$ cat upload37.tsv   # TSV, C-alpha atoms
chain	number	residue	atom	x	y	z
A	1	MET	CA	50.36	20.25	24.42
A	2	ASN	CA	52.16	16.94	24.13
A	3	ARG	CA	50.44	13.63	24.79
A	4	LYS	CA	52.20	12.86	28.11
A	5	LYS	CA	51.31	16.24	29.55
A	6	GLY	CA	47.70	15.81	28.44
A	7	ILE	CA	47.51	12.38	30.08
A	8	ARG	CA	48.97	13.78	33.34
A	9	ILE	CA	46.42	16.60	33.36
A	10	LEU	CA	43.58	14.19	32.63
A	11	LEU	CA	44.69	11.80	35.39
A	12	THR	CA	44.97	14.68	37.84
A	13	VAL	CA	41.53	15.97	36.94
A	14	LEU	CA	40.02	12.47	37.19
A	15	THR	CA	41.68	11.91	40.59
A	16	VAL	CA	40.34	15.21	41.91
A	17	ALA	CA	36.90	14.40	40.47
A	18	ALA	CA	36.92	10.96	42.13
A	19	LEU	CA	37.89	12.48	45.49
A	20	LEU	CA	35.19	15.12	45.19
A	21	ALA	CA	32.62	12.51	44.17
A	22	ALA	CA	33.55	10.36	47.19
A	23	GLY	CA	33.33	13.39	49.46
A	24	GLY	CA	30.03	14.40	47.90
A	25	TYR	CA	28.64	10.91	48.44
A	26	ALA	CA	29.71	10.96	52.08
A	27	LEU	CA	28.08	14.36	52.54
A	28	TRP	CA	24.89	13.14	50.89
A	29	LYS	CA	24.77	10.06	53.12
A	30	ASN	CA	25.16	12.28	56.21
A	31	GLY	CA	22.28	14.58	55.18
A	32	PHE	CA	24.54	17.53	54.41
A	33	PHE	CA	22.73	18.57	51.24
A	34	GLU	CA	19.53	19.05	53.21
A	35	LYS	CA	21.34	21.76	55.20
A	36	ILE	CA	22.96	23.74	52.38
A	37	ASN	CA	20.19	26.29	52.10
A	38	SER	CA	20.33	27.29	55.75
A	39	VAL	CA	23.11	29.56	56.96
A	40	GLU	CA	22.65	28.45	60.57
A	41	ALA	CA	22.60	24.72	59.77
A	42	LEU	CA	25.69	25.09	57.59
A	43	ARG	CA	27.43	27.10	60.31
A	44	GLU	CA	26.74	24.24	62.74
A	45	VAL	CA	28.21	21.73	60.29
A	46	ILE	CA	31.39	23.79	59.86
A	47	ALA	CA	31.80	24.67	63.55
A	48	GLY	CA	30.98	21.09	64.55
A	49	THR	CA	34.14	19.80	62.90
A	50	GLY	CA	36.31	21.41	65.58
A	51	MET	CA	39.94	21.87	64.62
A	52	TRP	CA	39.10	20.75	61.05
A	53	ALA	CA	36.62	23.59	60.54
A	54	GLY	CA	38.96	25.59	58.30
A	55	GLY	CA	39.66	22.60	56.05
A	56	VAL	CA	36.00	21.61	55.91
A	57	TYR	CA	35.05	25.17	55.03
A	58	PHE	CA	37.78	25.34	52.34
A	59	ALA	CA	36.52	22.09	50.77
A	60	LEU	CA	32.94	23.32	50.96
A	61	GLN	CA	33.79	26.61	49.25
A	62	MET	CA	35.78	24.80	46.57
A	63	MET	CA	32.80	22.53	45.94
A	64	THR	CA	30.55	25.56	45.39
A	65	VAL	CA	32.41	26.05	42.13
A	66	ILE	CA	32.69	22.41	41.13
A	67	ILE	CA	29.31	21.12	42.30
A	68	ALA	CA	26.48	23.42	41.28
A	69	PRO	CA	23.83	22.85	44.00
A	70	ILE	CA	25.83	24.45	46.79
A	71	PRO	CA	25.10	28.21	46.99
A	72	SER	CA	28.39	30.00	47.69
A	73	ASN	CA	26.82	33.05	49.33
A	74	ILE	CA	25.17	30.88	51.99
A	75	SER	CA	28.32	28.86	52.63
A	76	MET	CA	30.38	32.06	52.78
A	77	MET	CA	28.06	33.60	55.38
A	78	ALA	CA	28.05	30.35	57.36
A	79	GLY	CA	31.84	30.24	57.22
A	80	ALA	CA	32.10	33.81	58.48
A	81	LEU	CA	29.78	32.98	61.37
A	82	ALA	CA	31.74	29.83	62.22
A	83	LEU	CA	35.30	31.05	61.68
A	84	GLY	CA	35.13	34.85	61.71
A	85	PHE	CA	35.25	37.34	58.85
A	86	TRP	CA	38.93	37.27	57.86
A	87	PRO	CA	39.56	33.52	58.11
A	88	ALA	CA	36.38	32.86	56.09
A	89	MET	CA	37.29	35.51	53.55
A	90	ILE	CA	40.84	34.28	53.01
A	91	LEU	CA	39.92	30.60	52.89
A	92	GLY	CA	36.87	31.32	50.72
A	93	VAL	CA	38.82	33.31	48.14
A	94	LEU	CA	41.55	30.67	47.97
A	95	ALA	CA	39.01	27.84	47.68
A	96	VAL	CA	36.96	29.54	44.97
A	97	GLY	CA	40.17	30.32	43.08
A	98	VAL	CA	41.32	26.69	43.31
A	99	GLY	CA	37.86	25.44	42.30
A	100	SER	CA	37.79	27.81	39.34
A	101	VAL	CA	41.18	26.59	38.14
A	102	ILE	CA	40.11	22.95	38.58
A	103	VAL	CA	37.02	23.35	36.39
A	104	PHE	CA	39.04	25.36	33.86
A	105	LEU	CA	41.67	22.61	33.63
A	106	ALA	CA	39.05	19.86	33.64
A	107	ALA	CA	37.29	21.46	30.67
A	108	ARG	CA	40.60	21.91	28.90
A	109	ALA	CA	41.60	18.29	29.50
A	110	LEU	CA	38.23	16.72	28.73
A	111	GLY	CA	37.29	18.87	25.73
A	112	LYS	CA	34.11	20.32	24.32
A	113	LYS	CA	32.23	17.05	23.78
A	114	ALA	CA	32.62	16.02	27.42
A	115	VAL	CA	31.70	19.49	28.69
A	116	GLN	CA	28.55	19.47	26.55
A	117	ARG	CA	27.30	16.51	28.58
A	118	PHE	CA	27.40	18.54	31.80
A	119	LEU	CA	26.29	21.98	30.67
A	120	ASP	CA	23.02	23.24	29.29
A	121	LYS	CA	23.39	23.57	25.52
A	122	GLY	CA	21.67	26.97	25.51
A	123	VAL	CA	24.10	28.41	28.05
A	124	MET	CA	27.05	26.97	26.18
A	125	ASP	CA	25.82	28.29	22.82
A	126	LYS	CA	25.16	31.70	24.35
A	127	TYR	CA	28.43	32.30	26.18
A	128	LEU	CA	31.17	30.26	24.48
A	129	PRO	CA	31.32	32.33	21.26
A	130	ILE	CA	31.46	35.56	23.26
A	131	ILE	CA	34.23	34.23	25.51
A	132	GLU	CA	36.17	33.09	22.45
A	133	GLU	CA	35.82	36.50	20.82
A	134	LYS	CA	36.10	38.93	23.75
A	135	GLN	CA	38.05	36.72	26.20
A	136	ASP	CA	39.61	38.79	28.97
A	137	MET	CA	37.24	41.75	29.10
A	138	PHE	CA	34.08	39.62	28.89
A	139	LEU	CA	35.30	37.19	31.56
A	140	PHE	CA	36.42	40.04	33.77
A	141	LEU	CA	33.08	41.86	33.63
A	142	THR	CA	30.83	38.82	33.89
A	143	MET	CA	32.73	37.41	36.86
A	144	LEU	CA	32.76	40.78	38.57
A	145	PHE	CA	29.04	41.48	38.37
A	146	PRO	CA	26.20	39.35	39.76
A	147	PHE	CA	23.59	37.48	37.72
A	148	PHE	CA	26.09	35.79	35.42
A	149	PRO	CA	26.86	32.07	35.74
A	150	ASP	CA	30.49	32.63	36.77
A	151	ASP	CA	31.17	28.97	37.59
A	152	VAL	CA	29.93	27.96	34.12
A	153	LEU	CA	32.06	30.70	32.58
A	154	CYS	CA	35.13	29.18	34.26
A	155	ILE	CA	34.34	25.87	32.58
A	156	LEU	CA	33.75	27.49	29.19
A	157	ALA	CA	36.96	29.50	29.49
A	158	GLY	CA	38.79	26.18	29.63
A	159	LEU	CA	37.53	25.46	26.11
A	160	THR	CA	39.13	28.61	24.69
A	161	ASN	CA	42.74	29.50	23.98
A	162	ILE	CA	43.04	31.77	27.03
A	163	THR	CA	46.11	30.85	29.03
A	164	LEU	CA	45.84	29.48	32.55
A	165	GLY	CA	47.86	32.42	33.86
A	166	ARG	CA	45.54	35.04	32.34
A	167	PHE	CA	42.51	33.11	33.55
A	168	ALA	CA	43.93	32.88	37.10
A	169	VAL	CA	44.58	36.64	37.19
A	170	ILE	CA	41.00	37.36	36.09
A	171	VAL	CA	39.66	35.01	38.77
A	172	LEU	CA	41.81	36.60	41.48
A	173	LEU	CA	40.75	40.11	40.48
A	174	THR	CA	37.03	39.42	40.21
A	175	ARG	CA	35.72	36.54	42.27
A	176	PRO	CA	36.68	37.86	45.74
A	177	TRP	CA	34.30	40.84	45.54
A	178	ARG	CA	31.10	38.80	45.76
A	179	LEU	CA	32.65	36.70	48.49
A	180	LEU	CA	33.59	39.84	50.41
A	181	VAL	CA	29.95	40.94	50.56
A	182	ALA	CA	28.71	37.51	51.68
A	183	SER	CA	31.47	37.15	54.27
A	184	GLY	CA	30.73	40.63	55.59
A	185	LEU	CA	27.05	39.76	55.99
A	186	GLY	CA	27.96	36.57	57.85
A	187	GLY	CA	30.68	38.12	59.96

$ encode --input "upload37.tsv" --output "structure tokens"
Amino acid sequence: MNRKKGIRILLTVLTVAALLAAGGYALWKNGFFEKINSVEALREVIAGTGMWAGGVYFALQMMTVIIAPIPSNISMMAGALALGFWPAMILGVLAVGVGSVIVFLAARALGKKAVQRFLDKGVMDKYLPIIEEKQDMFLFLTMLFPFFPDDVLCILAGLTNITLGRFAVIVLLTRPWRLLVASGLGG
């Protein structure tokens, strides 16, 4: 990657991070994070935004990938209750896909040293060598099945030589299945 392209990617990632941080701060000030563990309270937040409910839900689902404390299953169920099954499913899949690509690109742009500051060293030491060795199949299986830290795996994948295109295909084939179950429960 040439220097100009790297700088553009870094600036894009930093801009997105700044916008998310500002949004996160606004949510914190409004007491949002006290409601994230309640499906009903989260449904009220989403539905209470009126015509912006779809956009708010999209941003919320994207943040479940980028900001760890937001449980995506709860937000997915709340979205399905507020918007209906199919709108929540479609917006949720798109948002999680976008969030996954953002953390992948952020890790790629910032590098291993920066990522080490945000991730638990044990998790990084455990999964990064396996992702580097097995790549596609490991990412596919771990993102498909529960109990794996799929958001962390998206970050770690950005530190490998896997292409963005291959990563995006894996995300699109695997991440919707968990969301489908949560949306179905909410809808």

$ residues_around --input "upload37.tsv" --residues "Leu128 of chain A" --least-positions-apart "3" --cutoff "8 Å" --atoms "only C-alpha atoms" --output "ChimeraX atom specification"
/A:124-125,131-132,156-157

$ closest_residue --input "upload37.tsv" --among "A:Val93, A:Val65, A:Ala82, A:Leu159" --to "Lys113 of chain A" --atoms "all atoms listed in the file"
A:Leu159

$ closest_residue --input "upload37.tsv" --among "A:Pro71, A:Gly48, A:Gly54, A:Gly24" --to "Met89 of chain A" --atoms "all atoms listed in the file"
A:Gly54

$ closest_residue --input "upload37.tsv" --among "A:Val98, A:Ala78, A:Leu164, A:Val152" --to "Ala47 of chain A" --atoms "all atoms listed in the file"
A:Ala78

$ atom_distance --input "upload37.tsv" --atom1 "atom CA of Val45 of chain A" --atom2 "atom CA of Leu179 of chain A"
19.6 Å

$ atom_distance --input "upload37.tsv" --atom1 "atom CA of Arg43 of chain A" --atom2 "atom CA of Leu81 of chain A"
6.4 Å

$ residues_around --input "upload37.tsv" --residues "Met63 of chain A" --least-positions-apart "6" --cutoff "9 Å" --atoms "all atoms listed in the file" --output "MDAnalysis selection string"
chainID A and resid 20 24 70 72 95:96 99

$ residues_around --input "upload37.tsv" --residues "segment 134-144 of chain A" --least-positions-apart "3" --cutoff "6 Å" --atoms "all atoms listed in the file" --output "list in words"
Ile130, Ile131, Phe148, Asp150, Ile170 and Thr174 of chain A

$ closest_residue --input "upload37.tsv" --among "A:Val123, A:Leu172, A:Ala21, A:Leu60" --to "Pro149 of chain A" --atoms "only C-alpha atoms"
A:Val123

$ atom_distance --input "upload37.tsv" --atom1 "atom CA of Val103 of chain A" --atom2 "atom CA of Ile155 of chain A"
5.3 Å
